[in-house]
Amino acid sequence: MDTTLIRLLDGSRAYLHAVIDNFSRRILAWNVAGTFEPAITAQLLRAAADPMTTSSKPTVLVDGGVENFNSAVDEVIESGVLKRILAQTEIRFSNSLIESWWRVLKHQWSYLNTIDSVATVRNLVTFYVEQHNSHMPHSAFPGQTPDEMYFGTGFDIPQQLQESRIAARESRMKLNREQTCQTYEELVAISC
């Protein structure tokens, strides 16, 4: 869970809040706002945790920002829905997965567009989250998207990709072998 900001053309800011699943890299919940509202974190945590059917309490990894430590978030944690762990304090590693996702979202998508309003940012993030979750295979997996890993529907994809690679290689080799090349004598005769 983390929050980042994007500066708009007029100098104002849009605040992006998101929750990412550490296993599947799926964005579970997100929000874009024109003002910094720490209580949004509590809403996103509830939205991310509600569909989970695990017998144990999910753990949320956060940094020490005010968006992660406030009365609204404390209320969610105290309700027993989630367990909160502070990165770099209670554990040695950081919340680098969401930080990495922010970097990709900004540098490979948002900054390539005209960012003139919070509505524009919201539209860009809506599109990117959908593409990230459903269409773009993640480099952490052998060909699966975050949705396929999260919902457990992509376990046959690595085998399908391997079979497709083999078929494509065989097809290229067959096509290349069927091609005939001009001989040196034919090339010399054409140029004369």
# chains A, B, ... in the order shown; residues from 1 in each chain; ligands from 1

$ select_by_dssp --residues "segment 13-192 of chain A" --states "alpha helix (DSSP H)" --output "PyMOL selection string"
chain A and resi 39-49+71-78+96-108+118-134+146-151+157-178+184-191

$ residues_around --residues "Val19 of chain A" --least-positions-apart "6" --cutoff "8 Å" --atoms "only C-alpha atoms" --output "VMD selection string"
chain A and resid 1 to 2 27 to 30 44 to 45 48 98

$ closest_residue --among "A:Trp102, A:Phe151, A:Ile166, A:Gln108" --to "Pro51 of chain A" --atoms "only C-alpha atoms"
A:Phe151

$ closest_residue --among "A:Ser100, A:Ser24, A:Thr41, A:Gln179" --to "Glu148 of chain A" --atoms "only C-alpha atoms"
A:Ser24

$ select_by_dssp --residues "chain A" --states "strand (DSSP E or B)" --output "MDAnalysis selection string"
chainID A and resid 2:7 13:20 27:33 59:62 83:87 91

$ write_last_selection --atoms "N, CA and C atoms" --output "compact mmCIF listing (two decimals), in the first residue's frame"
# COMPACT_ATOMS: atom_id res chain seq x y z
N ASP A 2 0.55 2.18 -0.87
CA ASP A 2 1.32 3.41 -0.87
C ASP A 2 0.53 4.51 -1.57
N THR A 3 1.03 5.71 -1.44
CA THR A 3 0.47 6.89 -2.09
C THR A 3 1.59 7.61 -2.80
N THR A 4 1.29 8.13 -3.98
CA THR A 4 2.25 8.95 -4.71
C THR A 4 1.51 10.14 -5.29
N LEU A 5 2.24 11.08 -5.83
CA LEU A 5 1.59 12.24 -6.43
C LEU A 5 2.12 12.46 -7.83
N ILE A 6 1.27 13.08 -8.63
CA ILE A 6 1.64 13.48 -9.99
C ILE A 6 1.30 14.95 -10.11
N ARG A 7 2.27 15.71 -10.57
CA ARG A 7 2.04 17.15 -10.78
C ARG A 7 1.33 17.36 -12.10
N ARG A 13 -1.68 19.15 -7.92
CA ARG A 13 -1.28 17.76 -7.77
C ARG A 13 -2.48 16.82 -7.82
N ALA A 14 -2.20 15.61 -8.26
CA ALA A 14 -3.15 14.51 -8.15
C ALA A 14 -2.49 13.46 -7.27
N TYR A 15 -3.24 12.94 -6.32
CA TYR A 15 -2.71 11.95 -5.38
C TYR A 15 -3.25 10.57 -5.76
N LEU A 16 -2.34 9.64 -5.95
CA LEU A 16 -2.70 8.28 -6.32
C LEU A 16 -2.45 7.37 -5.13
N HIS A 17 -3.45 6.59 -4.79
CA HIS A 17 -3.36 5.62 -3.71
C HIS A 17 -3.59 4.25 -4.35
N ALA A 18 -2.82 3.24 -3.95
CA ALA A 18 -3.04 1.89 -4.51
C ALA A 18 -2.59 0.82 -3.54
N VAL A 19 -3.22 -0.34 -3.70
CA VAL A 19 -2.87 -1.55 -2.95
C VAL A 19 -2.50 -2.60 -3.98
N ILE A 20 -1.32 -3.21 -3.83
CA ILE A 20 -0.86 -4.24 -4.76
C ILE A 20 -0.70 -5.56 -3.99
N ILE A 27 -3.14 -5.11 -8.94
CA ILE A 27 -3.60 -3.93 -8.22
C ILE A 27 -4.99 -4.27 -7.70
N LEU A 28 -5.12 -4.35 -6.38
CA LEU A 28 -6.37 -4.78 -5.74
C LEU A 28 -7.36 -3.64 -5.59
N ALA A 29 -6.85 -2.44 -5.33
CA ALA A 29 -7.72 -1.27 -5.15
C ALA A 29 -6.87 -0.03 -5.39
N TRP A 30 -7.49 1.03 -5.89
CA TRP A 30 -6.76 2.27 -6.15
C TRP A 30 -7.74 3.44 -6.17
N ASN A 31 -7.16 4.64 -6.07
CA ASN A 31 -7.97 5.86 -6.09
C ASN A 31 -7.08 7.02 -6.53
N VAL A 32 -7.69 7.97 -7.22
CA VAL A 32 -7.03 9.21 -7.59
C VAL A 32 -7.85 10.34 -6.99
N ALA A 33 -7.18 11.27 -6.30
CA ALA A 33 -7.88 12.40 -5.67
C ALA A 33 -7.11 13.69 -5.94
N THR A 59 -1.94 -9.56 5.40
CA THR A 59 -0.99 -8.59 5.92
C THR A 59 -0.79 -7.49 4.89
N VAL A 60 -0.81 -6.26 5.34
CA VAL A 60 -0.54 -5.13 4.46
C VAL A 60 0.82 -4.54 4.86
N LEU A 61 1.67 -4.38 3.87
CA LEU A 61 3.01 -3.83 4.07
C LEU A 61 2.97 -2.36 3.68
N VAL A 62 3.31 -1.49 4.61
CA VAL A 62 3.21 -0.05 4.38
C VAL A 62 4.51 0.64 4.80
N LYS A 83 -3.65 -7.15 9.01
CA LYS A 83 -2.51 -6.96 9.90
C LYS A 83 -1.57 -5.99 9.18
N ARG A 84 -1.08 -4.99 9.86
CA ARG A 84 -0.20 -3.98 9.25
C ARG A 84 1.24 -4.24 9.69
N ILE A 85 2.16 -4.18 8.71
CA ILE A 85 3.59 -4.30 8.99
C ILE A 85 4.28 -3.08 8.39
N LEU A 86 5.14 -2.47 9.17
CA LEU A 86 5.87 -1.28 8.74
C LEU A 86 7.18 -1.67 8.08
N ALA A 87 7.32 -1.31 6.82
CA ALA A 87 8.53 -1.62 6.06
C ALA A 87 9.74 -0.90 6.64
N ILE A 91 10.22 -5.06 9.60
CA ILE A 91 10.86 -6.04 8.72
C ILE A 91 11.99 -5.34 7.98

$ closest_residue --among "A:Leu124, A:Gly11, A:Glu67, A:Asn22" --to "Pro38 of chain A" --atoms "only C-alpha atoms"
A:Glu67

$ residues_around --residues "Ala49 of chain A" --least-positions-apart "3" --cutoff "8 Å" --atoms "only C-alpha atoms" --output "compact mmCIF listing (two decimals) with N, CA and C atoms, in the first residue's frame"
# COMPACT_ATOMS: atom_id res chain seq x y z
N LEU A 45 -8.06 -0.18 1.71
CA LEU A 45 -7.73 -1.41 2.43
C LEU A 45 -8.97 -2.28 2.61
N ARG A 46 -10.08 -1.67 2.94
CA ARG A 46 -11.33 -2.44 3.06
C ARG A 46 -11.73 -3.02 1.71
N MET A 52 -11.36 -11.11 -0.15
CA MET A 52 -10.44 -12.17 0.23
C MET A 52 -11.17 -13.19 1.11
N PRO A 58 -5.05 -11.21 6.17
CA PRO A 58 -4.07 -10.70 5.21
C PRO A 58 -3.18 -9.63 5.87
N VAL A 81 -9.53 -6.97 10.26
CA VAL A 81 -9.60 -7.30 8.84
C VAL A 81 -8.20 -7.56 8.28
N LEU A 82 -7.24 -6.76 8.72
CA LEU A 82 -5.88 -6.82 8.21
C LEU A 82 -4.86 -6.74 9.34

$ residues_around --residues "Gln162 of chain A" --least-positions-apart "6" --cutoff "12 Å" --atoms "only C-alpha atoms" --output "ChimeraX atom specification"
/A:142-143,156,168-169

$ residues_around --residues "Met136 of chain A" --least-positions-apart "6" --cutoff "9 Å" --atoms "only C-alpha atoms" --output "list in words"
Gly143, Gln144, Thr145 and Pro146 of chain A

$ decode --residues "segment 96-107 of chain A" --atoms "N, CA and C atoms" --output "PDB file, in the first residue's frame"
ATOM      1  N   SER A  96       8.740  -2.170  -1.917  1.00  0.00           N
ATOM      2  CA  SER A  96       9.289  -1.871  -3.232  1.00  0.00           C
ATOM      3  C   SER A  96       8.383  -2.287  -4.381  1.00  0.00           C
ATOM      4  N   LEU A  97       7.496  -3.253  -4.199  1.00  0.00           N
ATOM      5  CA  LEU A  97       6.618  -3.656  -5.308  1.00  0.00           C
ATOM      6  C   LEU A  97       5.702  -2.515  -5.731  1.00  0.00           C
ATOM      7  N   ILE A  98       5.092  -1.841  -4.771  1.00  0.00           N
ATOM      8  CA  ILE A  98       4.216  -0.731  -5.136  1.00  0.00           C
ATOM      9  C   ILE A  98       5.041   0.454  -5.623  1.00  0.00           C
ATOM     10  N   GLU A  99       6.201   0.664  -5.043  1.00  0.00           N
ATOM     11  CA  GLU A  99       7.079   1.749  -5.509  1.00  0.00           C
ATOM     12  C   GLU A  99       7.501   1.501  -6.964  1.00  0.00           C
ATOM     13  N   SER A 100       7.813   0.266  -7.282  1.00  0.00           N
ATOM     14  CA  SER A 100       8.175  -0.087  -8.652  1.00  0.00           C
ATOM     15  C   SER A 100       6.995   0.128  -9.593  1.00  0.00           C
ATOM     16  N   TRP A 101       5.806  -0.230  -9.136  1.00  0.00           N
ATOM     17  CA  TRP A 101       4.618  -0.043  -9.976  1.00  0.00           C
ATOM     18  C   TRP A 101       4.366   1.436 -10.229  1.00  0.00           C
ATOM     19  N   TRP A 102       4.579   2.292  -9.209  1.00  0.00           N
ATOM     20  CA  TRP A 102       4.437   3.739  -9.410  1.00  0.00           C
ATOM     21  C   TRP A 102       5.389   4.208 -10.505  1.00  0.00           C
ATOM     22  N   ARG A 103       6.643   3.761 -10.423  1.00  0.00           N
ATOM     23  CA  ARG A 103       7.656   4.185 -11.396  1.00  0.00           C
ATOM     24  C   ARG A 103       7.236   3.808 -12.825  1.00  0.00           C
ATOM     25  N   VAL A 104       6.783   2.599 -13.011  1.00  0.00           N
ATOM     26  CA  VAL A 104       6.359   2.157 -14.343  1.00  0.00           C
ATOM     27  C   VAL A 104       5.130   2.936 -14.793  1.00  0.00           C
ATOM     28  N   LEU A 105       4.145   3.069 -13.921  1.00  0.00           N
ATOM     29  CA  LEU A 105       2.937   3.825 -14.263  1.00  0.00           C
ATOM     30  C   LEU A 105       3.280   5.244 -14.707  1.00  0.00           C
ATOM     31  N   LYS A 106       4.151   5.891 -13.969  1.00  0.00           N
ATOM     32  CA  LYS A 106       4.493   7.272 -14.289  1.00  0.00           C
ATOM     33  C   LYS A 106       5.343   7.384 -15.556  1.00  0.00           C
ATOM     34  N   HIS A 107       6.460   6.670 -15.590  1.00  0.00           N
ATOM     35  CA  HIS A 107       7.436   6.873 -16.661  1.00  0.00           C
ATOM     36  C   HIS A 107       7.084   6.159 -17.958  1.00  0.00           C
TER      37      HIS A 107
END
